[in-house]
Amino acid sequence: MHRFANPARFLKIARPLTQWLFWPGLALILIGAGCGLLVTPADYLQGQTVRILYIHVPAAWLGMGGWTGIALAALVQLVWRHPLAAIAGRAIAAPGALFTVICLATGSIWGRPTWGTWWEWDGRMTSMLVLLFLYLGYIALAQASARDGQGGVSHVTAIFGLVGAVNIPIINRSVVWWNSLHQGPSITMRGSTIETTLLWPLGLTLLGFSLWFGAIVLMRMRAILAQNKVEARMQRLARG
């Protein structure tokens, strides 16, 4: 794992990998969304509004997946003191927060014709909103760390990332633990309740957005490393 602790070695891999993730991800998103809009039939109950699932489900997945990535980066930072782990956590936070906002927005748009309301304080929606607040708190702490001259995030920020991971299983199981307007788990180990004719484009957008997410994180990590290099050079010039 520490083979990639050297920023130059990491960048040598990250530069081409960014392109390999970005363009195939974009292609899968366009193909999946296009098929979801133009090829698949309308749902017999929800009609055309069901098509929002091709954006909503990947956004929810990546909102939760982003915080899981932050928690793993925090664990690596605190236990193994990997120098790039803190930078990875900082790079994940903004796209994770963005996809959480997209999840909440598309969920509200989907809920209005389905449930008759834009918002309901049920377990799934409330815990997802809590996740957004956690992201905002993490971003604020990470920015404070950067202002204090730390390249990534402080140990306090990393601990916050670990503690906030408690919310992930709450989001996942909320529709099982509490009565809710939100439907139960649609895709489980036992199969899917989504009609097959509607399901297959979801796999394309889910994979596409996941690849895109990885590309964005790598781009942000590269930008943070470049910024740290510039700041270190400016500090040396100021001391000289």
# chains A, B, ... in the order shown; residues from 1 in each chain; ligands from 1
call {"tool": "residues_around", "arguments": {"residues": "Thr100 of chain A", "least_positions_apart": "2", "cutoff": "9 Å", "atoms": "only C-alpha atoms", "output": "list in words"}}
result
Ala59, Ala60, Trp61, Leu62, Gly63, Met64, Pro95, Gly96, Ala97, Leu98, Ile102, Cys103, Leu104, Ala105, Met128, Leu129, Leu131, Leu132 and Tyr135 of chain A
call {"tool": "closest_atom_pairs", "arguments": {"of": "segment 38-102 of chain A", "to": "segment 201-220 of chain A", "cutoff": "10 Å", "atoms": "only C-alpha atoms", "output": "JSON lines"}}
result
{"residue": "A:Val39", "atom": "CA", "partner": "A:Pro201", "partner_atom": "CA", "distance": 9.3}
{"residue": "A:Thr40", "atom": "CA", "partner": "A:Pro201", "partner_atom": "CA", "distance": 8.3}
{"residue": "A:Arg51", "atom": "CA", "partner": "A:Leu202", "partner_atom": "CA", "distance": 9.6}
{"residue": "A:Leu53", "atom": "CA", "partner": "A:Leu202", "partner_atom": "CA", "distance": 7.6}
{"residue": "A:Tyr54", "atom": "CA", "partner": "A:Leu202", "partner_atom": "CA", "distance": 5.3}
{"residue": "A:Ile55", "atom": "CA", "partner": "A:Thr205", "partner_atom": "CA", "distance": 7.4}
{"residue": "A:His56", "atom": "CA", "partner": "A:Leu206", "partner_atom": "CA", "distance": 9.8}
{"residue": "A:Val57", "atom": "CA", "partner": "A:Leu206", "partner_atom": "CA", "distance": 7.5}
{"residue": "A:Pro58", "atom": "CA", "partner": "A:Leu206", "partner_atom": "CA", "distance": 4.9}
{"residue": "A:Ala59", "atom": "CA", "partner": "A:Phe209", "partner_atom": "CA", "distance": 8.0}
{"residue": "A:Trp61", "atom": "CA", "partner": "A:Leu206", "partner_atom": "CA", "distance": 8.1}
{"residue": "A:Leu62", "atom": "CA", "partner": "A:Ser210", "partner_atom": "CA", "distance": 7.0}
{"residue": "A:Gly65", "atom": "CA", "partner": "A:Ser210", "partner_atom": "CA", "distance": 9.3}
{"residue": "A:Gly66", "atom": "CA", "partner": "A:Phe213", "partner_atom": "CA", "distance": 8.7}
{"residue": "A:Ile87", "atom": "CA", "partner": "A:Arg220", "partner_atom": "CA", "distance": 8.9}
{"residue": "A:Ala88", "atom": "CA", "partner": "A:Val217", "partner_atom": "CA", "distance": 7.4}
{"residue": "A:Gly89", "atom": "CA", "partner": "A:Val217", "partner_atom": "CA", "distance": 9.2}
{"residue": "A:Arg90", "atom": "CA", "partner": "A:Arg220", "partner_atom": "CA", "distance": 8.5}
{"residue": "A:Ala91", "atom": "CA", "partner": "A:Arg220", "partner_atom": "CA", "distance": 5.2}
{"residue": "A:Ile92", "atom": "CA", "partner": "A:Val217", "partner_atom": "CA", "distance": 5.6}
{"residue": "A:Ala93", "atom": "CA", "partner": "A:Val217", "partner_atom": "CA", "distance": 8.9}
{"residue": "A:Ala94", "atom": "CA", "partner": "A:Val217", "partner_atom": "CA", "distance": 9.0}
{"residue": "A:Pro95", "atom": "CA", "partner": "A:Phe213", "partner_atom": "CA", "distance": 7.1}
{"residue": "A:Gly96", "atom": "CA", "partner": "A:Phe213", "partner_atom": "CA", "distance": 8.4}
{"residue": "A:Phe99", "atom": "CA", "partner": "A:Phe213", "partner_atom": "CA", "distance": 9.2}
call {"tool": "closest_residue", "arguments": {"among": "A:Asn6, A:Thr18, A:Ser108, A:Thr196", "to": "Leu225 of chain A", "atoms": "only C-alpha atoms"}}
result
A:Asn6
call {"tool": "select_by_dssp", "arguments": {"residues": "segment 80-193 of chain A", "states": "helix (DSSP H, G or I)", "output": "ChimeraX atom specification"}}
result
/A:80,85-115,123-147,155-164,167-177
call {"tool": "write_last_selection", "arguments": {"atoms": "C-alpha atoms", "output": "mmCIF file, in the first residue's frame"}}
result
data_model
loop_
_atom_site.group_PDB
_atom_site.id
_atom_site.type_symbol
_atom_site.label_atom_id
_atom_site.label_comp_id
_atom_site.auth_asym_id
_atom_site.auth_seq_id
_atom_site.Cartn_x
_atom_site.Cartn_y
_atom_site.Cartn_z
ATOM 1 C CA TRP A 80 -1.171 3.315 8.827
ATOM 2 C CA ALA A 85 -5.188 8.879 2.605
ATOM 3 C CA ALA A 86 -5.963 12.321 4.004
ATOM 4 C CA ILE A 87 -5.850 13.810 0.518
ATOM 5 C CA ALA A 88 -8.178 11.070 -0.737
ATOM 6 C CA GLY A 89 -10.718 11.832 1.992
ATOM 7 C CA ARG A 90 -10.623 15.515 1.160
ATOM 8 C CA ALA A 91 -11.019 14.753 -2.568
ATOM 9 C CA ILE A 92 -14.036 12.484 -2.028
ATOM 10 C CA ALA A 93 -16.023 14.926 0.112
ATOM 11 C CA ALA A 94 -17.215 17.429 -2.507
ATOM 12 C CA PRO A 95 -18.423 14.915 -5.155
ATOM 13 C CA GLY A 96 -19.976 12.828 -2.388
ATOM 14 C CA ALA A 97 -21.907 15.864 -1.161
ATOM 15 C CA LEU A 98 -22.942 16.714 -4.739
ATOM 16 C CA PHE A 99 -24.390 13.257 -5.369
ATOM 17 C CA THR A 100 -26.182 13.401 -2.017
ATOM 18 C CA VAL A 101 -27.818 16.677 -3.098
ATOM 19 C CA ILE A 102 -28.790 15.080 -6.434
ATOM 20 C CA CYS A 103 -30.273 12.124 -4.550
ATOM 21 C CA LEU A 104 -32.357 14.375 -2.308
ATOM 22 C CA ALA A 105 -33.485 16.586 -5.206
ATOM 23 C CA THR A 106 -34.459 13.723 -7.515
ATOM 24 C CA GLY A 107 -36.120 11.914 -4.630
ATOM 25 C CA SER A 108 -38.284 14.953 -3.929
ATOM 26 C CA ILE A 109 -39.180 15.318 -7.617
ATOM 27 C CA TRP A 110 -40.037 11.618 -7.770
ATOM 28 C CA GLY A 111 -41.983 11.764 -4.521
ATOM 29 C CA ARG A 112 -44.296 14.611 -5.528
ATOM 30 C CA PRO A 113 -46.400 12.667 -8.088
ATOM 31 C CA THR A 114 -45.891 9.311 -6.332
ATOM 32 C CA TRP A 115 -46.588 10.237 -2.715
ATOM 33 C CA GLY A 123 -36.240 7.385 8.093
ATOM 34 C CA ARG A 124 -34.688 7.168 4.625
ATOM 35 C CA MET A 125 -35.059 10.810 3.621
ATOM 36 C CA THR A 126 -34.105 12.163 7.042
ATOM 37 C CA SER A 127 -30.986 9.982 7.341
ATOM 38 C CA MET A 128 -29.970 10.994 3.805
ATOM 39 C CA LEU A 129 -30.351 14.655 4.789
ATOM 40 C CA VAL A 130 -28.186 13.974 7.842
ATOM 41 C CA LEU A 131 -25.566 12.565 5.453
ATOM 42 C CA LEU A 132 -25.544 15.863 3.550
ATOM 43 C CA PHE A 133 -24.970 17.771 6.797
ATOM 44 C CA LEU A 134 -22.140 15.365 7.657
ATOM 45 C CA TYR A 135 -20.530 16.075 4.294
ATOM 46 C CA LEU A 136 -20.796 19.823 4.860
ATOM 47 C CA GLY A 137 -19.246 19.459 8.308
ATOM 48 C CA TYR A 138 -16.416 17.325 6.941
ATOM 49 C CA ILE A 139 -15.721 19.820 4.129
ATOM 50 C CA ALA A 140 -15.594 22.684 6.654
ATOM 51 C CA LEU A 141 -13.157 20.771 8.881
ATOM 52 C CA ALA A 142 -11.011 19.809 5.885
ATOM 53 C CA GLN A 143 -10.854 23.421 4.715
ATOM 54 C CA ALA A 144 -9.827 24.490 8.213
ATOM 55 C CA SER A 145 -7.042 21.883 8.104
ATOM 56 C CA ALA A 146 -5.874 23.251 4.747
ATOM 57 C CA ARG A 147 -5.780 26.798 6.140
ATOM 58 C CA HIS A 155 -6.800 13.703 12.736
ATOM 59 C CA VAL A 156 -9.920 15.384 14.114
ATOM 60 C CA THR A 157 -11.399 15.477 10.615
ATOM 61 C CA ALA A 158 -10.464 11.824 10.072
ATOM 62 C CA ILE A 159 -12.143 10.821 13.331
ATOM 63 C CA PHE A 160 -15.239 12.766 12.236
ATOM 64 C CA GLY A 161 -15.204 10.747 9.007
ATOM 65 C CA LEU A 162 -15.095 7.475 10.931
ATOM 66 C CA VAL A 163 -17.827 8.446 13.381
ATOM 67 C CA GLY A 164 -20.083 9.693 10.588
ATOM 68 C CA ASN A 167 -25.124 6.833 9.495
ATOM 69 C CA ILE A 168 -24.488 4.572 6.468
ATOM 70 C CA PRO A 169 -26.127 1.398 7.838
ATOM 71 C CA ILE A 170 -28.928 3.582 9.219
ATOM 72 C CA ILE A 171 -29.650 4.869 5.706
ATOM 73 C CA ASN A 172 -29.440 1.362 4.269
ATOM 74 C CA ARG A 173 -31.780 -0.250 6.799
ATOM 75 C CA SER A 174 -34.091 2.691 7.485
ATOM 76 C CA VAL A 175 -36.882 1.404 5.207
ATOM 77 C CA VAL A 176 -36.766 -1.912 7.066
ATOM 78 C CA TRP A 177 -36.567 -0.559 10.622
#
